[in-house]
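Engineer: So here's my_file_37.txt, just compact mmCIF, C-alpha atoms and all ligand atoms:
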# COMPACT_ATOMS: atom_id res chain seq x y z
CA MET W 1 -5.32 26.35 12.89
CA ILE W 2 -8.53 24.35 13.13
CA ASP W 3 -11.72 26.44 12.92
CA ILE W 4 -13.61 24.80 15.81
CA SER W 5 -16.87 26.67 15.01
CA TRP W 6 -17.07 24.75 11.70
CA TYR W 7 -16.92 21.48 13.62
CA GLU W 8 -19.37 22.65 16.31
CA ALA W 9 -21.94 23.14 13.57
CA LEU W 10 -21.28 19.57 12.40
CA GLY W 11 -21.36 18.06 15.91
CA LEU W 12 -17.67 17.14 15.65
CA ALA W 13 -16.09 19.72 17.96
CA ASP W 14 -14.80 17.02 20.32
CA ILE W 15 -13.06 15.20 17.46
CA ALA W 16 -11.59 18.45 16.13
CA ALA W 17 -10.24 19.19 19.63
CA LYS W 18 -8.65 15.71 19.75
CA VAL W 19 -7.00 16.28 16.37
CA ALA W 20 -5.78 19.71 17.49
CA ASP W 21 -4.03 18.31 20.56
CA GLY W 22 -2.94 15.00 18.99
CA THR W 23 -5.20 12.69 21.05
CA ARG W 24 -5.84 9.26 19.48
CA LEU W 25 -9.25 8.88 17.80
CA SER W 26 -11.48 5.92 18.68
CA ILE W 27 -13.21 3.63 16.20
CA GLU W 28 -16.46 5.42 17.08
CA ASP W 29 -14.84 8.78 16.23
CA GLY W 30 -13.90 7.25 12.88
CA GLU W 31 -17.52 6.19 12.31
CA ARG W 32 -18.68 9.77 12.93
CA LEU W 33 -16.11 11.08 10.45
CA PHE W 34 -17.33 8.60 7.83
CA ALA W 35 -20.91 9.76 8.50
CA CYS W 36 -20.14 13.50 8.36
CA PRO W 37 -22.02 15.06 5.45
CA ASP W 38 -19.24 17.60 4.80
CA VAL W 39 -16.25 15.70 3.37
CA THR W 40 -14.26 18.93 3.09
CA ALA W 41 -14.46 19.34 6.89
CA VAL W 42 -13.02 15.83 7.34
CA GLY W 43 -10.37 16.59 4.74
CA ALA W 44 -9.38 19.82 6.49
CA LEU W 45 -8.79 17.94 9.75
CA ALA W 46 -6.68 15.37 7.91
CA HIS W 47 -4.73 18.12 6.16
CA HIS W 48 -4.04 19.66 9.56
CA ALA W 49 -2.69 16.31 10.80
CA ARG W 50 -0.49 15.73 7.71
CA THR W 51 0.83 19.31 7.83
CA ARG W 52 1.82 18.84 11.47
CA LEU W 53 3.83 15.77 10.40
CA HIS W 54 5.30 16.94 7.11
CA GLY W 55 4.85 20.70 6.72
CA ASP W 56 4.39 21.54 3.06
CA LYS W 57 6.41 18.55 1.80
CA ALA W 58 4.88 15.92 -0.45
CA PHE W 59 6.92 12.90 -1.49
CA TYR W 60 7.50 10.85 -4.63
CA VAL W 61 10.00 8.21 -5.70
CA ILE W 62 11.74 7.29 -8.93
CA ASN W 63 10.75 3.66 -9.01
CA ARG W 64 9.96 0.71 -11.19
CA HIS W 65 7.44 -2.07 -10.62
CA ILE W 66 8.19 -5.63 -11.71
CA ASN W 67 5.67 -8.46 -11.45
CA TYR W 68 7.51 -11.79 -11.73
CA THR W 69 4.46 -14.00 -12.29
CA ASN W 70 0.68 -13.84 -12.34
CA ILE W 71 0.33 -17.58 -11.73
CA CYS W 72 -1.22 -17.93 -8.29
CA ILE W 73 -2.75 -20.74 -6.28
CA ASN W 74 -4.91 -18.43 -4.15
CA GLY W 75 -7.56 -17.38 -6.67
CA CYS W 76 -8.83 -14.40 -4.67
CA LEU W 77 -12.26 -13.45 -5.94
CA PHE W 78 -11.48 -9.76 -6.31
CA CYS W 79 -8.25 -10.37 -8.26
CA ALA W 80 -8.19 -9.62 -11.97
CA TYR W 81 -4.48 -10.27 -12.19
CA SER W 82 -3.96 -13.92 -11.32
CA ARG W 83 -4.06 -16.87 -13.73
CA GLU W 84 -3.76 -20.62 -13.39
CA ARG W 85 -0.84 -22.43 -14.95
CA GLY W 86 -1.44 -22.94 -18.66
CA GLN W 87 -4.30 -20.44 -18.75
CA GLU W 88 -4.22 -17.82 -21.48
CA GLY W 89 -2.28 -14.77 -20.30
CA ALA W 90 -0.33 -16.64 -17.61
CA PHE W 91 3.31 -15.60 -17.38
CA ARG W 92 6.42 -16.20 -15.32
CA LEU W 93 9.57 -14.13 -15.81
CA SER W 94 13.04 -15.66 -15.82
CA LEU W 95 15.84 -14.11 -13.81
CA ASP W 96 17.28 -12.62 -16.99
CA GLU W 97 13.93 -11.05 -17.88
CA ILE W 98 13.61 -9.55 -14.39
CA LEU W 99 17.15 -8.15 -14.62
CA ALA W 100 16.49 -6.75 -18.08
CA LYS W 101 13.39 -4.91 -16.85
CA ALA W 102 15.21 -3.63 -13.77
CA THR W 103 18.13 -2.25 -15.70
CA GLU W 104 16.45 -0.64 -18.70
CA GLY W 105 16.77 3.13 -18.33
CA PRO W 106 18.46 5.02 -15.49
CA ALA W 107 18.79 3.28 -12.11
CA PRO W 108 15.66 3.88 -10.01
CA ALA W 109 15.78 4.66 -6.28
CA GLU W 110 13.43 1.76 -5.61
CA ILE W 111 12.42 -1.47 -7.33
CA HIS W 112 9.08 -2.89 -6.26
CA VAL W 113 8.76 -6.62 -6.97
CA VAL W 114 5.64 -8.67 -6.22
CA GLY W 115 3.91 -11.61 -7.83
CA GLY W 116 1.34 -14.36 -7.44
CA CYS W 117 1.84 -17.36 -5.16
CA HIS W 118 3.37 -19.64 -7.77
CA PRO W 119 3.21 -23.35 -6.85
CA GLU W 120 6.84 -24.10 -7.70
CA ILE W 121 9.28 -21.17 -7.59
CA PRO W 122 11.74 -21.97 -4.79
CA LEU W 123 12.98 -19.45 -2.25
CA ALA W 124 16.49 -19.85 -3.72
CA PHE W 125 15.24 -18.19 -6.93
CA PHE W 126 14.25 -15.06 -5.00
CA GLU W 127 17.52 -15.04 -3.06
CA GLU W 128 19.35 -15.21 -6.35
CA MET W 129 17.12 -12.50 -7.81
CA LEU W 130 17.78 -10.11 -4.90
CA ALA W 131 21.52 -10.73 -5.04
CA ALA W 132 21.61 -10.21 -8.82
CA LEU W 133 19.56 -7.02 -8.60
CA LYS W 134 21.83 -5.74 -5.85
CA ARG W 135 24.93 -6.45 -7.98
CA ALA W 136 23.41 -4.71 -11.00
CA LEU W 137 21.92 -1.76 -9.09
CA PRO W 138 23.89 -1.32 -5.86
CA ASP W 139 22.25 2.01 -4.95
CA THR W 140 18.67 0.88 -5.60
CA GLU W 141 16.53 -0.21 -2.63
CA LEU W 142 14.74 -3.52 -3.17
CA LYS W 143 11.16 -3.38 -1.91
CA CYS W 144 9.75 -6.83 -2.55
CA PHE W 145 7.15 -9.41 -1.51
CA THR W 146 3.94 -9.11 0.46
CA ALA W 147 3.37 -10.94 3.74
CA VAL W 148 1.16 -13.31 1.72
CA GLU W 149 4.11 -14.24 -0.51
CA ILE W 150 6.32 -14.71 2.56
CA ALA W 151 3.73 -17.11 4.04
CA HIS W 152 3.61 -18.96 0.71
CA PHE W 153 7.41 -19.27 0.45
CA ALA W 154 7.49 -20.64 4.01
CA ARG W 155 4.85 -23.27 3.22
CA LEU W 156 6.62 -24.35 0.02
CA GLU W 157 9.96 -24.68 1.80
CA GLY W 158 8.54 -26.13 5.03
CA ILE W 159 10.32 -23.50 7.14
CA ALA W 160 9.21 -20.68 9.45
CA THR W 161 8.24 -17.29 8.01
CA SER W 162 10.87 -15.68 10.26
CA ASP W 163 13.53 -17.84 8.54
CA VAL W 164 12.25 -16.80 5.10
CA LEU W 165 12.50 -13.15 6.12
CA ALA W 166 16.01 -13.57 7.51
CA ARG W 167 17.21 -15.29 4.32
CA LEU W 168 15.68 -12.64 2.05
CA LYS W 169 17.14 -9.85 4.15
CA ARG W 170 20.59 -11.42 3.88
CA ALA W 171 20.13 -11.58 0.10
CA GLY W 172 19.38 -7.83 -0.14
CA LEU W 173 15.72 -7.22 0.74
CA ALA W 174 15.43 -3.69 2.15
CA MET W 175 11.70 -3.25 2.55
CA MET W 176 8.32 -4.90 1.94
CA PRO W 177 5.46 -3.20 0.09
CA GLY W 178 2.47 -4.03 2.30
CA GLY W 179 -0.03 -5.66 -0.06
CA GLY W 180 -2.25 -8.61 0.76
CA ALA W 181 -3.78 -7.04 3.87
CA GLU W 182 -7.14 -6.47 2.10
CA ILE W 183 -9.64 -6.31 5.03
CA PHE W 184 -8.58 -8.29 8.09
CA ALA W 185 -12.08 -9.24 9.33
CA PRO W 186 -12.48 -13.03 8.87
CA GLU W 187 -16.12 -12.70 7.73
CA VAL W 188 -14.96 -10.51 4.81
CA ARG W 189 -11.79 -12.46 4.06
CA THR W 190 -13.60 -15.78 3.75
CA ARG W 191 -15.80 -14.22 1.07
CA ILE W 192 -13.20 -12.32 -0.98
CA CYS W 193 -9.98 -14.33 -0.53
CA PRO W 194 -10.69 -17.61 1.31
CA LYS W 195 -7.37 -19.29 0.44
CA LYS W 196 -5.13 -16.38 1.33
CA SER W 197 -3.29 -15.91 4.65
CA THR W 198 -5.60 -14.78 7.44
CA GLY W 199 -5.51 -11.21 8.72
CA GLU W 200 -3.89 -12.50 11.89
CA GLU W 201 -1.13 -14.19 9.89
CA TRP W 202 -0.57 -11.05 7.80
CA LEU W 203 -0.16 -8.95 10.96
CA ARG W 204 2.14 -11.54 12.54
CA ILE W 205 4.43 -11.64 9.48
CA ALA W 206 4.52 -7.83 9.27
CA GLY W 207 5.62 -7.79 12.92
CA GLU W 208 8.27 -10.44 12.24
CA ALA W 209 9.59 -8.41 9.31
CA HIS W 210 9.86 -5.34 11.54
CA GLN W 211 11.69 -7.36 14.18
CA THR W 212 14.05 -8.68 11.47
CA GLY W 213 14.91 -5.09 10.51
CA ILE W 214 12.73 -5.01 7.39
CA PRO W 215 10.34 -2.06 7.46
CA THR W 216 7.08 -2.53 5.57
CA ASN W 217 4.21 -0.57 4.18
CA CYS W 218 0.62 -1.58 4.86
CA THR W 219 -2.55 -1.47 2.81
CA MET W 220 -6.33 -1.79 2.92
CA LEU W 221 -8.50 -2.86 -0.02
CA TYR W 222 -11.82 -1.06 0.39
CA GLY W 223 -14.98 -0.43 -1.58
CA HIS W 224 -16.20 -4.02 -2.05
CA ILE W 225 -18.34 -5.94 0.49
CA GLU W 226 -16.85 -4.51 3.67
CA THR W 227 -18.60 -2.06 6.01
CA VAL W 228 -17.23 1.19 7.41
CA ARG W 229 -16.78 -0.62 10.73
CA HIS W 230 -14.58 -3.24 9.01
CA ARG W 231 -12.39 -0.47 7.58
CA LEU W 232 -12.00 1.17 10.96
CA GLU W 233 -11.23 -2.12 12.73
CA HIS W 234 -8.62 -2.78 10.05
CA LEU W 235 -7.01 0.62 10.66
CA ASP W 236 -7.13 0.03 14.41
CA ALA W 237 -5.40 -3.37 14.00
CA LEU W 238 -2.60 -1.73 11.99
CA ARG W 239 -2.30 1.01 14.61
CA ARG W 240 -2.00 -1.54 17.44
CA ARG W 241 0.62 -3.55 15.55
CA GLN W 242 2.53 -0.31 14.93
CA ASP W 243 2.43 0.50 18.66
CA GLU W 244 4.22 -2.81 19.23
CA THR W 245 6.76 -2.92 16.40
CA GLY W 246 7.01 0.55 14.84
CA GLY W 247 7.95 -0.81 11.41
CA PHE W 248 5.14 0.49 9.20
CA VAL W 249 6.37 3.36 7.05
CA CYS W 250 3.42 4.18 4.84
CA PHE W 251 -0.26 3.23 4.62
CA ILE W 252 -1.82 2.80 1.18
CA PRO W 253 -5.61 2.69 0.90
CA LEU W 254 -6.44 0.78 -2.29
CA ALA W 255 -9.83 1.38 -3.88
CA PHE W 256 -11.41 -1.81 -5.25
CA GLN W 257 -11.34 -1.82 -9.06
CA VAL W 258 -14.45 -3.36 -10.58
CA LYS W 259 -13.34 -4.94 -13.85
CA ASN W 260 -12.63 -8.65 -14.31
CA ASN W 261 -13.43 -9.91 -10.79
CA LEU W 262 -15.49 -12.85 -9.53
CA LEU W 263 -17.27 -10.97 -6.76
CA GLY W 264 -20.00 -9.87 -9.13
CA LEU W 265 -19.66 -6.22 -8.08
CA SER W 266 -20.04 -3.61 -10.78
CA GLU W 267 -19.98 -0.40 -8.71
CA GLY W 268 -16.63 1.07 -7.76
CA THR W 269 -15.94 3.74 -5.17
CA THR W 270 -16.72 7.40 -5.83
CA GLY W 271 -14.06 10.09 -5.70
CA VAL W 272 -15.65 11.52 -2.56
CA GLU W 273 -15.49 8.12 -0.85
CA ASP W 274 -11.83 7.75 -1.83
CA LEU W 275 -10.96 11.18 -0.42
CA ARG W 276 -12.91 10.51 2.78
CA THR W 277 -11.20 7.13 3.28
CA ILE W 278 -7.77 8.71 2.80
CA ALA W 279 -8.65 11.51 5.24
CA VAL W 280 -10.02 9.20 7.94
CA SER W 281 -6.98 6.93 7.51
CA ARG W 282 -4.65 9.88 8.16
CA LEU W 283 -6.64 10.79 11.27
CA MET W 284 -6.86 7.25 12.68
CA LEU W 285 -3.28 6.16 11.94
CA ASP W 286 -1.59 8.62 14.27
CA ASN W 287 1.52 6.43 14.54
CA ILE W 288 2.15 5.64 10.86
CA PRO W 289 4.15 8.46 9.30
CA HIS W 290 2.99 8.46 5.68
CA ILE W 291 -0.26 8.06 3.74
CA LYS W 292 -0.01 7.33 0.04
CA ALA W 293 -2.34 8.56 -2.69
CA TYR W 294 -1.54 5.78 -5.17
CA TRP W 295 -2.15 7.49 -8.49
CA ILE W 296 -2.32 4.18 -10.38
CA MET W 297 -5.57 3.28 -8.57
CA LEU W 298 -6.98 6.76 -7.94
CA GLY W 299 -6.09 8.35 -11.24
CA VAL W 300 -3.77 11.34 -11.48
CA LYS W 301 -6.25 14.13 -10.72
CA LEU W 302 -7.82 12.49 -7.67
CA ALA W 303 -4.38 11.54 -6.31
CA GLN W 304 -3.36 15.18 -6.62
CA THR W 305 -6.50 16.30 -4.76
CA ALA W 306 -5.81 13.69 -2.06
CA LEU W 307 -2.65 15.63 -1.17
CA LEU W 308 -5.05 18.14 0.42
CA PHE W 309 -7.04 15.40 2.19
CA GLY W 310 -4.34 13.86 4.36
CA ALA W 311 -2.04 12.11 1.88
CA ASP W 312 1.61 13.15 1.68
CA ASP W 313 2.97 10.75 -0.96
CA LEU W 314 2.13 9.97 -4.60
CA ASP W 315 4.23 6.78 -5.03
CA GLY W 316 6.34 7.21 -8.13
CA THR W 317 7.15 6.81 -11.76
CA VAL W 318 6.16 3.08 -11.62
CA VAL W 319 6.98 2.51 -15.36
CA GLU W 320 5.04 -0.75 -15.80
CA GLU W 321 2.01 -1.63 -13.72
CA LYS W 322 -0.09 -4.73 -14.29
CA ILE W 323 -2.13 -5.51 -11.17
CA GLY W 324 -4.34 -2.41 -11.00
CA HIS W 325 -4.65 -2.04 -14.75
CA MET W 326 -5.89 -5.61 -15.24
CA ALA W 327 -8.59 -4.77 -12.68
CA GLY W 328 -9.73 -1.71 -14.62
CA ALA W 329 -7.51 1.15 -13.44
CA ASP W 330 -7.40 3.51 -16.42
CA SER W 331 -4.49 5.69 -15.32
CA ALA W 332 -1.30 5.92 -17.38
CA ALA W 333 1.32 3.17 -16.87
CA ALA W 334 4.06 5.67 -16.01
CA LEU W 335 4.62 9.26 -14.94
CA SER W 336 7.83 11.26 -15.24
CA ARG W 337 9.59 13.03 -12.41
CA GLY W 338 8.38 16.31 -13.97
CA ASP W 339 4.75 15.08 -13.98
CA LEU W 340 4.92 14.13 -10.29
CA GLU W 341 6.56 17.40 -9.27
CA ALA W 342 3.99 19.40 -11.25
CA MET W 343 1.15 17.53 -9.52
CA ILE W 344 2.61 18.42 -6.12
CA ARG W 345 3.39 22.03 -6.97
CA GLY W 346 -0.10 22.37 -8.44
CA VAL W 347 -1.62 22.10 -4.94
CA GLY W 348 0.89 24.49 -3.40
CA LEU W 349 3.16 21.85 -1.82
CA THR W 350 6.89 21.23 -2.19
CA PRO W 351 8.03 18.05 -3.95
CA VAL W 352 10.62 15.90 -2.19
CA GLN W 353 12.18 12.92 -3.92
CA ARG W 354 12.47 10.00 -1.49
CA GLY W 355 13.83 6.47 -1.26
CA ALA W 356 11.78 3.33 -0.51
CA ARG W 357 12.00 4.03 3.21
CA PHE W 358 11.24 7.74 2.79
CA ASP W 359 14.72 9.01 3.36
CA ALA W 360 15.03 12.18 1.27
CA LYS W 361 17.15 11.60 -1.85
CA GLU W 362 17.66 15.25 -2.69
CA ALA W 363 15.83 18.52 -2.45
CA ALA W 364 13.62 19.02 -5.47
CA SER W 365 14.98 21.50 -7.94
S1 LIG Z 1 -4.61 -11.02 -4.94
FE1 LIG Z 1 -2.53 -11.89 -4.87
S2 LIG Z 1 -2.79 -13.80 -3.71
FE2 LIG Z 1 -4.84 -13.22 -4.41
S3 LIG Z 1 -5.11 -14.28 -6.38
FE3 LIG Z 1 -4.31 -12.23 -6.84
S4 LIG Z 1 -2.11 -12.52 -7.00
FE4 LIG Z 1 -2.92 -14.31 -5.90
For this file, write the structure as structure tokens.

Structural biologist:
Amino acid sequence: MIDISWYEALGLADIAAKVADGTRLSIEDGERLFACPDVTAVGALAHHARTRLHGDKAFYVINRHINYTNICINGCLFCAYSRERGQEGAFRLSLDEILAKATEGPAPAEIHVVGGCHPEIPLAFFEEMLAALKRALPDTELKCFTAVEIAHFARLEGIATSDVLARLKRAGLAMMPGGGAEIFAPEVRTRICPKKSTGEEWLRIAGEAHQTGIPTNCTMLYGHIETVRHRLEHLDALRRRQDETGGFVCFIPLAFQVKNNLLGLSEGTTGVEDLRTIAVSRLMLDNIPHIKAYWIMLGVKLAQTALLFGADDLDGTVVEEKIGHMAGADSAAALSRGDLEAMIRGVGLTPVQRGARFDAKEAAS
């Protein structure tokens, strides 16, 4: 139940009434939620919305991240991960090295593979990689490649992005992870990632993936030079794409990490801003089922708190994470199933182990 008197006192009774009856919020409603001085009131509305969708369930996955290269031609100014060829720290994994990482330890439910836009790796390498992973781990879902990588593969091969997606799906691609969206607004994108695919291209490729039968996640990188309006327009663009294609499974707000970037920004987001952004995302994205509190970027304690501010998923065990940690994330590199379940139980929710596409793997013990 929503306590409307709380929201009357804050001048948000109309928004609370919309949330109570499931009416879509406008961008202007989102601006008022960002401006509300009481973040716990915004969080309570988001918790109401997530509880209506998921009851007391909160999700996690036994997964493993693999980054196949950090060599990238895009040179995004916020990116602490990428290197040029020959630069100190540059790496590119062979197929054998990828397979060795994927198969060390028990088989995960999901393998998440992303990398930089390498100037030479052909699409055939990734087809071979997917097929080899599928042979080695037949029950593991392969969640690989951002829309930006798909655009890059298409340019390298001189073929359409829809053909790249069809070939990767045939080779075993089950799902795409949703990175590279950053902030869609061109005036932000030209300042933080001028060489990367445009927001329009990202949205087009996500739609093509959905139409090819490849569900995707979606993301937003916030806390750098963008305004609140940019964030809300980004969420609205995702919501409109979802109305058309229905293929987004989970939204992941990614807080900008301040270390090792070329934007010259030294201030990161605060915990309150992170919680508010997660809450407003839950409230705006009424047609995307899941909101992730990505513990790698948020840290374990804030991710746990976010489960009461609209998030319903913690991501997973991860095992080896490079991208966020090179940008200054100081979380652990891995969590165990027990750690994730304890985080969820600690806020009074019930852990549910899921697959990449959020099908339940088993009831938590
Ligand atoms: S964010 Fe991605 S595309 Fe941009 S430089 Fe880093 S690895 Fe390359």

Engineer: Hey, which bits of chain W sit within 9 Å of ligand LIG 1 (chain Z), and for each residue what's the closest pair of atoms and how far apart in Å (one decimal), counting all atoms listed in the file, rows by chain and increasing number, as JSON lines?

Structural biologist:
{"residue": "W:Thr69", "atom": "CA", "partner": "Z:LIG1", "partner_atom": "S4", "distance": 8.6}
{"residue": "W:Asn70", "atom": "CA", "partner": "Z:LIG1", "partner_atom": "S4", "distance": 6.2}
{"residue": "W:Ile71", "atom": "CA", "partner": "Z:LIG1", "partner_atom": "S4", "distance": 7.3}
{"residue": "W:Cys72", "atom": "CA", "partner": "Z:LIG1", "partner_atom": "FE4", "distance": 4.7}
{"residue": "W:Ile73", "atom": "CA", "partner": "Z:LIG1", "partner_atom": "FE4", "distance": 6.4}
{"residue": "W:Asn74", "atom": "CA", "partner": "Z:LIG1", "partner_atom": "S3", "distance": 4.7}
{"residue": "W:Gly75", "atom": "CA", "partner": "Z:LIG1", "partner_atom": "S3", "distance": 4.0}
{"residue": "W:Cys76", "atom": "CA", "partner": "Z:LIG1", "partner_atom": "S3", "distance": 4.1}
{"residue": "W:Leu77", "atom": "CA", "partner": "Z:LIG1", "partner_atom": "S3", "distance": 7.2}
{"residue": "W:Phe78", "atom": "CA", "partner": "Z:LIG1", "partner_atom": "S1", "distance": 7.1}
{"residue": "W:Cys79", "atom": "CA", "partner": "Z:LIG1", "partner_atom": "FE3", "distance": 4.6}
{"residue": "W:Ala80", "atom": "CA", "partner": "Z:LIG1", "partner_atom": "FE3", "distance": 6.9}
{"residue": "W:Tyr81", "atom": "CA", "partner": "Z:LIG1", "partner_atom": "FE3", "distance": 5.7}
{"residue": "W:Ser82", "atom": "CA", "partner": "Z:LIG1", "partner_atom": "FE3", "distance": 4.8}
{"residue": "W:Arg83", "atom": "CA", "partner": "Z:LIG1", "partner_atom": "S3", "distance": 7.9}
{"residue": "W:Val114", "atom": "CA", "partner": "Z:LIG1", "partner_atom": "S4", "distance": 8.7}
{"residue": "W:Gly115", "atom": "CA", "partner": "Z:LIG1", "partner_atom": "S4", "distance": 6.1}
{"residue": "W:Gly116", "atom": "CA", "partner": "Z:LIG1", "partner_atom": "S4", "distance": 3.9}
{"residue": "W:Cys117", "atom": "CA", "partner": "Z:LIG1", "partner_atom": "FE4", "distance": 5.7}
{"residue": "W:His118", "atom": "CA", "partner": "Z:LIG1", "partner_atom": "FE4", "distance": 8.5}
{"residue": "W:Thr146", "atom": "CA", "partner": "Z:LIG1", "partner_atom": "FE1", "distance": 8.8}
{"residue": "W:Val148", "atom": "CA", "partner": "Z:LIG1", "partner_atom": "S2", "distance": 6.7}
{"residue": "W:Glu149", "atom": "CA", "partner": "Z:LIG1", "partner_atom": "S2", "distance": 7.6}
{"residue": "W:Gly179", "atom": "CA", "partner": "Z:LIG1", "partner_atom": "FE1", "distance": 8.3}
{"residue": "W:Gly180", "atom": "CA", "partner": "Z:LIG1", "partner_atom": "FE1", "distance": 6.5}
{"residue": "W:Glu182", "atom": "CA", "partner": "Z:LIG1", "partner_atom": "S1", "distance": 8.8}
{"residue": "W:Cys193", "atom": "CA", "partner": "Z:LIG1", "partner_atom": "FE2", "distance": 6.5}
{"residue": "W:Lys195", "atom": "CA", "partner": "Z:LIG1", "partner_atom": "FE2", "distance": 8.2}
{"residue": "W:Lys196", "atom": "CA", "partner": "Z:LIG1", "partner_atom": "S2", "distance": 6.1}
{"residue": "W:Ser197", "atom": "CA", "partner": "Z:LIG1", "partner_atom": "S2", "distance": 8.6}
{"residue": "W:Ile323", "atom": "CA", "partner": "Z:LIG1", "partner_atom": "S4", "distance": 8.2}

Engineer: Rank nothing, just name the residue among W:Met220, W:Ala342, W:Ala356, W:Ile15 nearest to W:Ala237, using only C-alpha atoms.

Structural biologist: W:Met220

Engineer: Name all residues at most 8 Å from stretch 265-282 of chain W (count all atoms listed in the file; drop same-chain ones fewer than 6 positions away) and give them as JSON, numbers by chain.

Structural biologist: {"W": [30, 33, 34, 39, 42, 43, 45, 46, 47, 49, 50, 223, 224, 235, 253, 255, 256, 257, 258, 259, 291, 293, 298, 302, 306, 309, 310, 311]}

Engineer: Closest to W:Asp29 among W:Ala171, W:Phe145, W:Tyr222, W:Asp236, using all atoms listed in the file?

Structural biologist: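 Closest candidate: W:Asp236.
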
Engineer: Determine the nearest neighbour of W:Ala147 from the options W:His65, W:Arg204, W:Lys18, W:Arg32, counting all atoms listed in the file.

Structural biologist: W:Arg204

Engineer: May I ask for the distance between atom CA of W:Arg229 and atom CA of W:Ile205, given in Å to one decimal place?

Structural biologist: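 Atom CA of W:Arg229 sits 23.9 Å away from atom CA of W:Ile205.
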
Engineer: Check the smallest atom-to-atom distance from each of W:Val188, W:Ile252, W:Leu53, W:Val352 to W:Thr219 using all atoms listed in the file, then report the winner.

Structural biologist: W:Ile252

Engineer: W:Asn217, W:Thr305, W:Thr40, W:Asn63: which is nearest W:Glu141, counting all atoms listed in the file?

Structural biologist: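 When distances to W:Glu141 are compared using all atoms listed in the file, the smallest one comes from W:Asn63.
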
Engineer: What does the distance between atom CA of W:Met1 and atom CA of W:Leu232 come to in Å, to one decimal place?

Structural biologist: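 Those two atoms sit 26.1 Å apart.
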
Engineer: Report, in Å to a single decimal, how far apart atom CA of W:Asp313 and atom CA of W:Tyr7 are.

Structural biologist: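 So the two atoms, atom CA of W:Tyr7 and atom CA of W:Asp313, lie 26.9 Å apart.
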
Engineer: Could the centre and edge lengths of an axis-aligned box, enclosing all atoms of stretch 285-295 of chain W in the file with 3 Å extra on each side, be given in Å to one decimal as JSON?

Structural biologist:
{"center_x": 0.4, "center_y": 7.1, "center_z": 3.0, "size_x": 13.4, "size_y": 9.0, "size_z": 29.0}

Engineer: Smallest atom-to-atom distance to W:Ala124: which of W:Arg167, W:Glu208, W:Gln87, W:Ala303, using all atoms listed in the file?

Structural biologist: W:Arg167

Engineer: Is there a way to get, as a ChimeraX atom specification, all residues within 10 Å of the point (1.7, 21.1, -1.4) in file coordinates, counting only C-alpha atoms?

Structural biologist: /W:51,55-59,304,307-308,312,341,343-351

Engineer: Env of W:Pro106: 10 Å cut, atoms = only C-alpha atoms, seq-sep filter 3 positions within chain, self excluded. Answer as a JSON list (two decimals) with C-alpha atoms, in the coordinates of the input.

Structural biologist:
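What follows is the written file out.json:
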[["chain", "number", "residue", "atom", "x", "y", "z"],
["W", 62, "ILE", "CA", 11.74, 7.29, -8.93],
["W", 102, "ALA", "CA", 15.21, -3.63, -13.77],
["W", 103, "THR", "CA", 18.13, -2.25, -15.70],
["W", 109, "ALA", "CA", 15.78, 4.66, -6.28],
["W", 137, "LEU", "CA", 21.92, -1.76, -9.09]]
